[in-house]
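Asker: Input file: data_12.pdb. Contents: PDB, C-alpha atoms.
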```pdb
ATOM      1  CA  MET N  18       0.000   0.000   0.000  1.00  0.00           C
ATOM      2  CA  ILE N  19       2.881   2.388   0.644  1.00  0.00           C
ATOM      3  CA  ASP N  20       3.725   1.996  -3.067  1.00  0.00           C
ATOM      4  CA  THR N  21       0.344   3.550  -3.907  1.00  0.00           C
ATOM      5  CA  ILE N  22       1.227   6.624  -1.844  1.00  0.00           C
ATOM      6  CA  ARG N  23       4.693   6.844  -3.426  1.00  0.00           C
ATOM      7  CA  SER N  24       3.173   6.548  -6.908  1.00  0.00           C
ATOM      8  CA  TYR N  25       0.658   9.280  -6.094  1.00  0.00           C
ATOM      9  CA  PHE N  26       3.374  11.710  -4.979  1.00  0.00           C
ATOM     10  CA  ASP N  27       5.718  10.766  -7.834  1.00  0.00           C
ATOM     11  CA  ALA N  28       2.903  11.598 -10.271  1.00  0.00           C
ATOM     12  CA  PHE N  29       2.199  14.863  -8.410  1.00  0.00           C
ATOM     13  CA  ASN N  30       5.820  15.960  -8.704  1.00  0.00           C
ATOM     14  CA  ILE N  31       5.874  15.524 -12.491  1.00  0.00           C
ATOM     15  CA  GLY N  32       2.429  17.077 -13.022  1.00  0.00           C
ATOM     16  CA  ASP N  33       0.879  13.767 -14.099  1.00  0.00           C
ATOM     17  CA  THR N  34      -2.790  14.132 -13.157  1.00  0.00           C
ATOM     18  CA  GLU N  35      -3.730  10.845 -14.823  1.00  0.00           C
ATOM     19  CA  GLY N  36      -1.024   9.087 -12.825  1.00  0.00           C
ATOM     20  CA  MET N  37      -2.453  10.568  -9.620  1.00  0.00           C
ATOM     21  CA  LEU N  38      -5.969   9.523 -10.617  1.00  0.00           C
ATOM     22  CA  ALA N  39      -4.768   5.950 -11.193  1.00  0.00           C
ATOM     23  CA  CYS N  40      -3.965   5.782  -7.463  1.00  0.00           C
ATOM     24  CA  LEU N  41      -7.489   6.831  -6.418  1.00  0.00           C
ATOM     25  CA  SER N  42     -10.705   4.883  -6.023  1.00  0.00           C
ATOM     26  CA  ASP N  43     -13.585   6.020  -8.243  1.00  0.00           C
ATOM     27  CA  ASP N  44     -15.431   7.354  -5.185  1.00  0.00           C
ATOM     28  CA  VAL N  45     -12.411   9.028  -3.565  1.00  0.00           C
ATOM     29  CA  THR N  46     -13.147  11.712  -0.978  1.00  0.00           C
ATOM     30  CA  HIS N  47     -10.768  14.689  -1.192  1.00  0.00           C
ATOM     31  CA  HIS N  48     -10.694  17.047   1.802  1.00  0.00           C
ATOM     32  CA  VAL N  49      -9.020  20.286   0.754  1.00  0.00           C
ATOM     33  CA  ASN N  50      -7.140  22.479   3.244  1.00  0.00           C
ATOM     34  CA  GLU N  51      -9.599  25.099   4.543  1.00  0.00           C
ATOM     35  CA  GLY N  52     -11.959  24.159   1.729  1.00  0.00           C
ATOM     36  CA  GLY N  53     -14.771  21.833   0.857  1.00  0.00           C
ATOM     37  CA  VAL N  54     -14.939  18.121   0.275  1.00  0.00           C
ATOM     38  CA  ARG N  55     -14.772  16.843  -3.274  1.00  0.00           C
ATOM     39  CA  ARG N  56     -16.105  13.405  -4.119  1.00  0.00           C
ATOM     40  CA  GLY N  57     -15.060  11.275  -7.058  1.00  0.00           C
ATOM     41  CA  LYS N  58     -12.302  11.324  -9.638  1.00  0.00           C
ATOM     42  CA  ASP N  59     -13.981  13.937 -11.842  1.00  0.00           C
ATOM     43  CA  MET N  60     -13.976  16.519  -9.055  1.00  0.00           C
ATOM     44  CA  PHE N  61     -10.397  15.608  -8.199  1.00  0.00           C
ATOM     45  CA  ARG N  62      -9.385  16.063 -11.851  1.00  0.00           C
ATOM     46  CA  ASP N  63     -11.074  19.500 -11.903  1.00  0.00           C
ATOM     47  CA  PHE N  64      -9.187  20.454  -8.738  1.00  0.00           C
ATOM     48  CA  CYS N  65      -5.867  19.368 -10.279  1.00  0.00           C
ATOM     49  CA  GLU N  66      -6.525  21.347 -13.466  1.00  0.00           C
ATOM     50  CA  HIS N  67      -7.243  24.471 -11.425  1.00  0.00           C
ATOM     51  CA  MET N  68      -4.134  23.962  -9.298  1.00  0.00           C
ATOM     52  CA  GLU N  69      -1.907  23.464 -12.355  1.00  0.00           C
ATOM     53  CA  GLU N  70      -3.220  26.746 -13.766  1.00  0.00           C
ATOM     54  CA  CYS N  71      -2.472  28.736 -10.596  1.00  0.00           C
ATOM     55  CA  TYR N  72       0.497  26.953  -8.994  1.00  0.00           C
ATOM     56  CA  ARG N  73       3.615  24.994  -9.874  1.00  0.00           C
ATOM     57  CA  GLU N  74       4.694  22.843  -6.934  1.00  0.00           C
ATOM     58  CA  GLU N  75       7.243  20.177  -6.077  1.00  0.00           C
ATOM     59  CA  LEU N  76       7.180  18.206  -2.844  1.00  0.00           C
ATOM     60  CA  THR N  77      10.505  17.425  -1.164  1.00  0.00           C
ATOM     61  CA  ASP N  78      11.837  16.096   2.146  1.00  0.00           C
ATOM     62  CA  MET N  79       9.030  13.546   2.244  1.00  0.00           C
ATOM     63  CA  THR N  80       8.477  11.104   5.067  1.00  0.00           C
ATOM     64  CA  LEU N  81       5.773   8.451   4.689  1.00  0.00           C
ATOM     65  CA  PHE N  82       3.995   6.554   7.442  1.00  0.00           C
ATOM     66  CA  ILE N  83       1.580   3.617   7.139  1.00  0.00           C
ATOM     67  CA  THR N  84      -0.354   1.522   9.624  1.00  0.00           C
ATOM     68  CA  GLU N  85       0.493  -2.140  10.005  1.00  0.00           C
ATOM     69  CA  ASP N  86      -2.748  -3.182   8.314  1.00  0.00           C
ATOM     70  CA  GLY N  87      -2.102  -0.828   5.375  1.00  0.00           C
ATOM     71  CA  THR N  88      -5.442   0.987   5.612  1.00  0.00           C
ATOM     72  CA  ARG N  89      -4.195   4.383   6.811  1.00  0.00           C
ATOM     73  CA  ALA N  90      -1.167   6.423   5.799  1.00  0.00           C
ATOM     74  CA  ALA N  91       0.319   9.865   6.295  1.00  0.00           C
ATOM     75  CA  ALA N  92       2.986  11.965   4.629  1.00  0.00           C
ATOM     76  CA  GLU N  93       4.973  14.957   5.827  1.00  0.00           C
ATOM     77  CA  TYR N  94       6.806  17.091   3.268  1.00  0.00           C
ATOM     78  CA  ILE N  95       7.879  20.539   2.106  1.00  0.00           C
ATOM     79  CA  VAL N  96       5.943  22.275  -0.675  1.00  0.00           C
ATOM     80  CA  ASN N  97       8.241  24.282  -2.952  1.00  0.00           C
ATOM     81  CA  GLY N  98       6.022  26.362  -5.170  1.00  0.00           C
ATOM     82  CA  THR N  99       5.498  29.244  -7.536  1.00  0.00           C
ATOM     83  CA  TYR N 100       2.253  31.221  -7.561  1.00  0.00           C
ATOM     84  CA  LEU N 101       1.467  31.538 -11.291  1.00  0.00           C
ATOM     85  CA  LYS N 102      -2.049  32.951 -11.599  1.00  0.00           C
ATOM     86  CA  THR N 103      -4.243  34.761  -9.072  1.00  0.00           C
ATOM     87  CA  ASP N 104      -6.599  32.345  -7.342  1.00  0.00           C
ATOM     88  CA  ASP N 105     -10.063  33.487  -6.218  1.00  0.00           C
ATOM     89  CA  GLY N 106      -9.975  35.372  -2.909  1.00  0.00           C
ATOM     90  CA  LEU N 107      -6.187  35.153  -2.589  1.00  0.00           C
ATOM     91  CA  PRO N 108      -3.393  37.712  -3.077  1.00  0.00           C
ATOM     92  CA  GLU N 109      -2.388  38.805  -6.564  1.00  0.00           C
ATOM     93  CA  ALA N 110      -0.063  36.337  -8.300  1.00  0.00           C
ATOM     94  CA  GLU N 111       3.202  37.737  -9.604  1.00  0.00           C
ATOM     95  CA  GLY N 112       5.316  34.606  -9.840  1.00  0.00           C
ATOM     96  CA  GLN N 113       6.072  34.593  -6.103  1.00  0.00           C
ATOM     97  CA  THR N 114       7.822  31.533  -4.709  1.00  0.00           C
ATOM     98  CA  TYR N 115       7.041  29.855  -1.414  1.00  0.00           C
ATOM     99  CA  THR N 116       8.290  27.042   0.804  1.00  0.00           C
ATOM    100  CA  LEU N 117       5.744  25.533   3.134  1.00  0.00           C
ATOM    101  CA  PRO N 118       5.612  22.494   5.418  1.00  0.00           C
ATOM    102  CA  ALA N 119       2.524  20.355   4.799  1.00  0.00           C
ATOM    103  CA  GLY N 120       1.007  16.974   5.460  1.00  0.00           C
ATOM    104  CA  SER N 121      -1.452  14.573   3.900  1.00  0.00           C
ATOM    105  CA  PHE N 122      -3.524  11.778   5.401  1.00  0.00           C
ATOM    106  CA  PHE N 123      -4.911   8.810   3.501  1.00  0.00           C
ATOM    107  CA  THR N 124      -7.359   5.947   3.814  1.00  0.00           C
ATOM    108  CA  LEU N 125      -6.600   2.999   1.528  1.00  0.00           C
ATOM    109  CA  GLU N 126      -8.665   0.073   0.385  1.00  0.00           C
ATOM    110  CA  GLY N 127      -7.884  -2.541  -2.240  1.00  0.00           C
ATOM    111  CA  GLY N 128      -4.608  -0.832  -3.117  1.00  0.00           C
ATOM    112  CA  LEU N 129      -6.281   2.517  -3.885  1.00  0.00           C
ATOM    113  CA  ILE N 130      -6.656   5.800  -2.027  1.00  0.00           C
ATOM    114  CA  THR N 131     -10.264   6.259  -0.872  1.00  0.00           C
ATOM    115  CA  ARG N 132      -9.698   9.419   1.212  1.00  0.00           C
ATOM    116  CA  LEU N 133      -7.107  12.179   0.895  1.00  0.00           C
ATOM    117  CA  THR N 134      -6.843  15.074   3.347  1.00  0.00           C
ATOM    118  CA  THR N 135      -4.160  17.768   3.047  1.00  0.00           C
ATOM    119  CA  TYR N 136      -3.147  20.376   5.625  1.00  0.00           C
ATOM    120  CA  TYR N 137      -0.820  23.384   5.500  1.00  0.00           C
ATOM    121  CA  ASN N 138      -0.666  26.783   7.136  1.00  0.00           C
ATOM    122  CA  LEU N 139      -2.599  29.113   4.812  1.00  0.00           C
ATOM    123  CA  ALA N 140      -1.601  32.211   6.841  1.00  0.00           C
ATOM    124  CA  ASP N 141       2.070  31.320   6.350  1.00  0.00           C
ATOM    125  CA  TRP N 142       1.483  30.890   2.600  1.00  0.00           C
ATOM    126  CA  ARG N 143      -0.319  34.247   2.396  1.00  0.00           C
ATOM    127  CA  ASN N 144       2.579  35.965   4.195  1.00  0.00           C
ATOM    128  CA  GLN N 145       5.073  34.474   1.776  1.00  0.00           C
ATOM    129  CA  VAL N 146       3.228  35.587  -1.363  1.00  0.00           C
ATOM    130  CA  SER N 147       1.993  38.994  -0.151  1.00  0.00           C
TER     131      SER N 147
END
```
Show me, as structure tokens, the structure contained in the file I just sent.

Answerer:
Amino acid sequence: MIDTIRSYFDAFNIGDTEGMLACLSDDVTHHVNEGGVRRGKDMFRDFCEHMEECYREELTDMTLFITEDGTRAAAEYIVNGTYLKTDDGLPEAEGQTYTLPAGSFFTLEGGLITRLTTYYNLADWRNQVS
């Protein structure tokens, strides 16, 4: 199961949305930091397309954790990003760069991610790009 998480993040780092989607169950639940809950691969794909338009990010210094039964996992990492296009309700984008600690939590079933929750400090991000 840890290979599923590694594959997900490897795909993220090369901008491979289809590779990320291959790691998700059809009914995946995606909990966005300080945002809503998206259900299903189509909503996840829409989210990824929006993110690729506004941000370029690479995750480094990753540490992965998984429960003994392989049903829950977590990841801690650093987000190294560039703010490309102004996102709704956020500061004006001017190509600002940012470095931000973050974490993700997963539920896995049948080798696929069924729940993904991501957390980071939005106030810290705002300070870095303002």

Asker: With all atoms listed in the file as the counted atoms, please give the residues lying no more than 9 Å from N:Thr114, apart from itself and same-chain residues fewer than 4 positions off, as a list in words.

Answerer: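 The neighbour list is Asn97, Gly98, Thr99, Tyr100, Gln145 and Val146 of chain N.
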
Asker: Write out as a PyMOL selection string which residues come within 9 Å of stretch 83-86 of chain N when counting all atoms listed in the file, dropping same-chain ones fewer than 6 positions away.

Answerer: chain N and resi 18-19+92

Asker: Just give me the gap between atom CA of N:Asp78 and atom CA of N:Thr46 in Å, one decimal is fine.

Answerer: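 These two atoms are separated by 25.6 Å.
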
Asker: Mind telling me what the PyMOL selection byres ((chain N and resi 81) around 6) catches here, as a PDB file with C-alpha atoms, keeping the file's coordinate frame?

Answerer:
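part34.pdb, freshly written:
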```
ATOM      1  CA  THR N  80       8.477  11.104   5.067  1.00  0.00           C
ATOM      2  CA  PHE N  82       3.995   6.554   7.442  1.00  0.00           C
ATOM      3  CA  ALA N  91       0.319   9.865   6.295  1.00  0.00           C
ATOM      4  CA  ALA N  92       2.986  11.965   4.629  1.00  0.00           C
TER       5      ALA N  92
END
```

Asker: Would you kindly translate the PyMOL selection byres ((chain N and resi 24-35) around 8) into the concrete residues it picks from this file, as an NGL selection string?

Answerer: :N and (20-23 or 36-40 or 62 or 65 or 69 or 74-76)

Asker: From the list N:Asp59, N:Glu93, N:Asp141, N:Asp105, which residue is nearest N:Leu41 when using all atoms listed in the file?

Answerer: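 When distances to N:Leu41 are compared using all atoms listed in the file, the smallest one comes from N:Asp59.
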
Asker: Out of N:Glu51, N:Asp43, N:Glu70, N:Asp63, which residue has the shortest atom-to-atom distance to N:Asp104 when counting only C-alpha atoms?

Answerer: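 Selected residue with least distance to N:Asp104: N:Glu70.
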
Asker: With the PyMOL selection byres ((chain N and resi 48) around 12) as the selection, what would be picked from this file? Answer as an MDAnalysis selection string, please.

Answerer: chainID N and resid 45:47 49:57 60:61 64 121:124 131:136

Asker: Quote the spacing between atom CA of N:Ser42 and atom CA of N:Arg89 in Å to one decimal place.

Answerer: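 According to the coordinates, atom CA of N:Ser42 and atom CA of N:Arg89 are separated by 14.4 Å.
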
Asker: For N:Asn144, which residue out of N:Leu107, N:Leu129, N:Ala119, N:Thr77 is the nearest one, using only C-alpha atoms?

Answerer: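 Using only C-alpha atoms, the shortest distance to N:Asn144 belongs to N:Leu107.
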
Asker: Could you check how far atom CA of N:Asp44 sits from atom CA of N:Glu126, in Å to one decimal?

Answerer: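 Between atom CA of N:Asp44 and atom CA of N:Glu126 the gap works out to 11.4 Å.
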
Asker: Which residue is closest to N:Lys102? Choose from N:Tyr115, N:Tyr72, N:Tyr137, N:Trp142 and count all atoms listed in the file.

Answerer: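 Looking only at the distances to N:Lys102, the closest residue turns out to be N:Tyr72.
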